[in-house]
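Note sheet for the following structure.
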Amino acid sequence: MTPATADGLIRPDQWHLDAMHASEMWKTSKGDGITVAVVDGGFKLDHPDLEGQFLPGKDFSGGSGDVGTYGDGHGTQMASLIAGTGKSNGGTGAYGLSPGAKILPLKINNGTVGPVVSTEFLGQIGQAITYAVEQGAKVINVSQGISAASASPGDVEKLDKTLAWARQKGSLVVSSVGNSAQSGNLAEYPSALPNVVGVGAVDRNVVATSESQQGPQVILAAPGVDMIEACTGKTGYCKSHGTSDSSALVSASAALIWSVHKDWSANQVLRVLINTAGKPTDGSVRNNDVGYGVVRPRIALTDPGDPGPADVSPVPVTDPVSAAGASASAGSSAPASRMPSPAGSSSDVAVGAPSGQPKAEASSGSGRALPVVGGVVAGLLVVAGVVFAVVRRRKAAVSPGGAVAVPPPPSQQPSVQPEDNPYAR
């Protein structure tokens with residue numbers, strides 16, 4: 001890692017905030033009154049840019065310590081991207097996209113507190129989501145994932161029921177799609193499940209990154225390269241990349257909208273995010289690189305349009321994406337999805353973002369979420385001789401634009417009762 005430069009200025013290097021017109025958005029909304037649950041591997045609760053932002057959380061990891069202990073900085077980084085206040089260094093620290101929101105920290109074992117098995121990993125995510133809903137969290141960010149090829153069908157089914165229950169109870173679950181586009185592009189859970197907003201990553205030129213996974217599970221995309229955020233490293237700041245970061249930005253975007261439209265449902269917030277996203281340039285309503293487009297919360301705040309029915313999902317309810325069905329456009333030969341060059345007020349992700357060396361620690365590997373977030377593999381899970389890869393996900397972005405995905409008839413919407421959630425108490 002490279003230590004931060006002497007002047008300690010972090011905010012000027014957070015290019016994504018300028019590209020998304022954060023300062024302009026904050027005149028309308030900072031996410032006040034919204035709780036965003038972050039399901040991750042532990043949190044540095046006393047980081048200067050996050051002090052006062054954490055609500056009392058809970059540890060589901062089964063390890064020693066508590067929610068304030070961590071094996072790496074991933075959870076801290078996600079919290080920073082969502083609700084960092086930038087208070088350190090005289091207000092020049094790391095800011096989140098929704099600095100008025102509060103973080104509910106929920107710790108799971110993502111490979112940082114000992115070996116992980118598929119059942120425990122998905123089970124802990126299900127328990128954490130259930131707890132978040134019960135605590136009133138409107139948005140639940142899960143920048144974590146496990147390969148669909150490694151997950152037990154029974155464990156997936158239980159989590160699927162919990163996700164449907166969470167949506168029925170009014171929460172929006174956002175998850176990274178993963179960073180293995182060039183190494184198998186196998187779908188991951190929970191992002192490949194219904195009732196999850198799968199997020200991919202785009203670069204400074206609004207092109208889907210080479211690591212961001214593709215497939216029908218991609219619903220939206222957001223910036224996911226050269227991300228500067230609070231972390232647990234020596235300088236307190238790290239530079240990362242991946243769909244984990246992108247997922248955090250979509251979660252923060254939802255918080256910004258919900259703060260202004262508190263009577264909207266999760267379906268309405270998602271519908272507006274989709275309708276105002278920057279659309280794919282291939283003319284499609286959605287594609288497998290960036291989904292329905294790159295999230296643009298500024299447009300969603302200034303010109304949200306009709307949020308539509310509260311009880312109908314804007315995304316067709318489908319079966320879980322299988323491991324075999326998610327590799328159609330994987331590999332370096334896959335065509336990149338590019339947004340139109342920014343013109344006028346219609347584009348919120350700028351081409352040619354500020355250059356210069358970030359005043360933070362550099363990632364020690366391509367997409368590896370170890371000391372610096374942006375990681376692909378969080379740990380190896382060995383069960384009965386089978387190795388499971390737990391992945392910290394990051395998702396790719398799609399284009400903004402016109403029509404919303406046509407939802408299935410209301411009769412096809414899942415009807416879930418609270419008791420259908422296997423983790424409900």
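By convention in this document, the chains of the structure tokens carry letters A, B, ... by their order, each chain's residues are numbered from 1, and ligands are numbered from 1 in the order they are shown.
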
**Message:** as a PyMOL selection string, please: the residues near region 64-76 of chain A (cut-off 6 Å, only C-alpha atoms, same-chain neighbours under 4 positions excluded).
**Reply:** chain A and resi 40-45+58-59+107+112+231-232+370-371+373

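Residue neighbourhood of Gly170 (chain A), excluding near-sequence residues (fewer than 2 positions): A:Lys138, A:Ala166, A:Arg167, A:Gln168, A:Leu172, A:Ser265, A:Ala266, at 8 Å, using only C-alpha atoms.
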
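Counting only C-alpha atoms, the residue from A:Leu106, A:Val295, A:Leu81, A:Ile146 that sits nearest to Ala254 (chain A) is A:Val295.
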
**Asked** Which polymer residues have any atom within 7 Å of an atom of Gly198 (chain A), counting only C-alpha atoms, with same-chain residues fewer than 4 positions away left out, as a VMD selection string?
**Response** chain A and resid 174 to 177 191 217 to 220 395

**Request:** Record the distance separating CA of Glu188 (chain A) and CA of Thr276 (chain A), expressed in Å with one decimal.
**Result:** 26.4 Å

Write out as a PDB file with N, CA and C atoms, in the first residue's frame which residues come within 12 Å of Thr28 (chain A) when counting only C-alpha atoms, dropping same-chain ones fewer than 5 positions away.
```pdb
ATOM      1  N   HIS A  21     -22.611  14.537  -9.454  1.00  0.00           N
ATOM      2  CA  HIS A  21     -23.142  15.839  -9.040  1.00  0.00           C
ATOM      3  C   HIS A  21     -23.632  15.805  -7.592  1.00  0.00           C
ATOM      4  N   ALA A  22     -22.798  15.230  -6.715  1.00  0.00           N
ATOM      5  CA  ALA A  22     -23.204  15.071  -5.322  1.00  0.00           C
ATOM      6  C   ALA A  22     -23.516  16.395  -4.639  1.00  0.00           C
ATOM      7  N   SER A  23     -22.657  17.395  -4.815  1.00  0.00           N
ATOM      8  CA  SER A  23     -22.884  18.673  -4.146  1.00  0.00           C
ATOM      9  C   SER A  23     -24.219  19.278  -4.527  1.00  0.00           C
ATOM     10  N   SER A  98     -24.626   9.475   0.453  1.00  0.00           N
ATOM     11  CA  SER A  98     -25.780   9.901   1.259  1.00  0.00           C
ATOM     12  C   SER A  98     -25.330  10.125   2.706  1.00  0.00           C
ATOM     13  N   GLY A 100     -26.259  11.885   5.073  1.00  0.00           N
ATOM     14  CA  GLY A 100     -27.263  12.069   6.111  1.00  0.00           C
ATOM     15  C   GLY A 100     -27.883  10.770   6.584  1.00  0.00           C
ATOM     16  N   LEU A 256     -31.066   8.450  -0.827  1.00  0.00           N
ATOM     17  CA  LEU A 256     -31.305   9.844  -1.205  1.00  0.00           C
ATOM     18  C   LEU A 256     -32.749  10.048  -1.645  1.00  0.00           C
ATOM     19  N   ILE A 257     -33.252   9.133  -2.453  1.00  0.00           N
ATOM     20  CA  ILE A 257     -34.622   9.250  -2.972  1.00  0.00           C
ATOM     21  C   ILE A 257     -35.644   9.015  -1.872  1.00  0.00           C
ATOM     22  N   TRP A 258     -35.426   7.989  -1.078  1.00  0.00           N
ATOM     23  CA  TRP A 258     -36.381   7.638  -0.027  1.00  0.00           C
ATOM     24  C   TRP A 258     -36.489   8.738   1.025  1.00  0.00           C
ATOM     25  N   SER A 259     -35.391   9.461   1.233  1.00  0.00           N
ATOM     26  CA  SER A 259     -35.398  10.533   2.213  1.00  0.00           C
ATOM     27  C   SER A 259     -36.388  11.632   1.829  1.00  0.00           C
ATOM     28  N   VAL A 260     -36.566  11.848   0.534  1.00  0.00           N
ATOM     29  CA  VAL A 260     -37.479  12.877   0.032  1.00  0.00           C
ATOM     30  C   VAL A 260     -38.894  12.332  -0.131  1.00  0.00           C
ATOM     31  N   HIS A 261     -38.987  11.065  -0.529  1.00  0.00           N
ATOM     32  CA  HIS A 261     -40.292  10.446  -0.785  1.00  0.00           C
ATOM     33  C   HIS A 261     -40.509   9.309   0.208  1.00  0.00           C
ATOM     34  N   PRO A 297     -28.916   9.338  -9.467  1.00  0.00           N
ATOM     35  CA  PRO A 297     -29.806   9.845  -8.426  1.00  0.00           C
ATOM     36  C   PRO A 297     -30.160  11.316  -8.571  1.00  0.00           C
ATOM     37  N   ARG A 298     -29.283  12.120  -9.172  1.00  0.00           N
ATOM     38  CA  ARG A 298     -29.621  13.536  -9.347  1.00  0.00           C
ATOM     39  C   ARG A 298     -30.862  13.690 -10.200  1.00  0.00           C
ATOM     40  N   ILE A 299     -30.940  12.922 -11.284  1.00  0.00           N
ATOM     41  CA  ILE A 299     -32.118  12.974 -12.148  1.00  0.00           C
ATOM     42  C   ILE A 299     -33.327  12.425 -11.408  1.00  0.00           C
ATOM     43  N   ALA A 300     -33.108  11.379 -10.635  1.00  0.00           N
ATOM     44  CA  ALA A 300     -34.212  10.788  -9.871  1.00  0.00           C
ATOM     45  C   ALA A 300     -34.785  11.775  -8.863  1.00  0.00           C
ATOM     46  N   LEU A 301     -33.955  12.688  -8.365  1.00  0.00           N
ATOM     47  CA  LEU A 301     -34.422  13.688  -7.411  1.00  0.00           C
ATOM     48  C   LEU A 301     -35.092  14.875  -8.088  1.00  0.00           C
ATOM     49  N   THR A 302     -34.542  15.294  -9.224  1.00  0.00           N
ATOM     50  CA  THR A 302     -35.079  16.492  -9.878  1.00  0.00           C
ATOM     51  C   THR A 302     -36.238  16.203 -10.815  1.00  0.00           C
TER      52      THR A 302
END
```

**Request:** Give the alpha helix (DSSP H) residues of region 152-352 of chain A, as DSSP finds them on the backbone, and put them as a ChimeraX atom specification.
**Result:** /A:153-168,243-260,266-275,297-302

**All residues 6 Å or closer to Ser88 (chain A), only C-alpha atoms, same chain fewer than 5 positions away omitted, as number ranges by chain** = A: 48-49, 93

**Prompt:** At what distance in Å, to one decimal, does CA of Tyr292 (chain A) lie from CA of Asp306 (chain A)?
**Reply:** 16.9 Å

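Minimum distance to Glu51 (chain A) across A:Ser313, A:Ser29, A:Thr85, A:Gln135 (counting only C-alpha atoms) occurs at A:Thr85.
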
**Message:** Calculated over only C-alpha atoms, which of the candidates A:Val315, A:Cys238, A:Leu122, A:Val290 has the smallest distance to Gln268 (chain A)?
**Reply:** A:Val315

**Request:** Have a look at A:Pro105, A:Gly154, A:Pro56, A:Gly291 and name the one nearest to Met78 (chain A); count only C-alpha atoms.
**Result:** A:Pro105

**Request:** For Gly96 (chain A), list every protein, DNA or RNA residue within 8 Å, evaluated using only C-alpha atoms, and leave out those in the same chain fewer than 4 positions away; present the list as a ChimeraX atom specification.
**Result:** /A:79-86,252

Output C-alpha atoms of each residue in that selection to a file, as a PDB file, in the first residue's frame.
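Dumped to out-v5.pdb:
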```
ATOM      1  CA  ALA A  79     -20.169   2.204   5.042  1.00  0.00           C
ATOM      2  CA  SER A  80     -17.893   5.061   3.955  1.00  0.00           C
ATOM      3  CA  LEU A  81     -19.152   5.061   0.367  1.00  0.00           C
ATOM      4  CA  ILE A  82     -22.727   5.171   1.620  1.00  0.00           C
ATOM      5  CA  ALA A  83     -22.656   7.557   4.578  1.00  0.00           C
ATOM      6  CA  GLY A  84     -19.164   8.954   5.177  1.00  0.00           C
ATOM      7  CA  THR A  85     -19.226  12.505   6.560  1.00  0.00           C
ATOM      8  CA  GLY A  86     -15.752  13.651   5.469  1.00  0.00           C
ATOM      9  CA  ALA A 252     -26.859   5.310  -1.190  1.00  0.00           C
TER      10      ALA A 252
END
```

**Request:** Would you please extract all strand (DSSP E or B) residues from region 97-236 of chain A, as assigned by DSSP on the backbone, and give them as a PyMOL selection string?
**Result:** chain A and resi 102-107+139-142+145-147+172-176+188-189+197-202+207-208+218-223+227-230
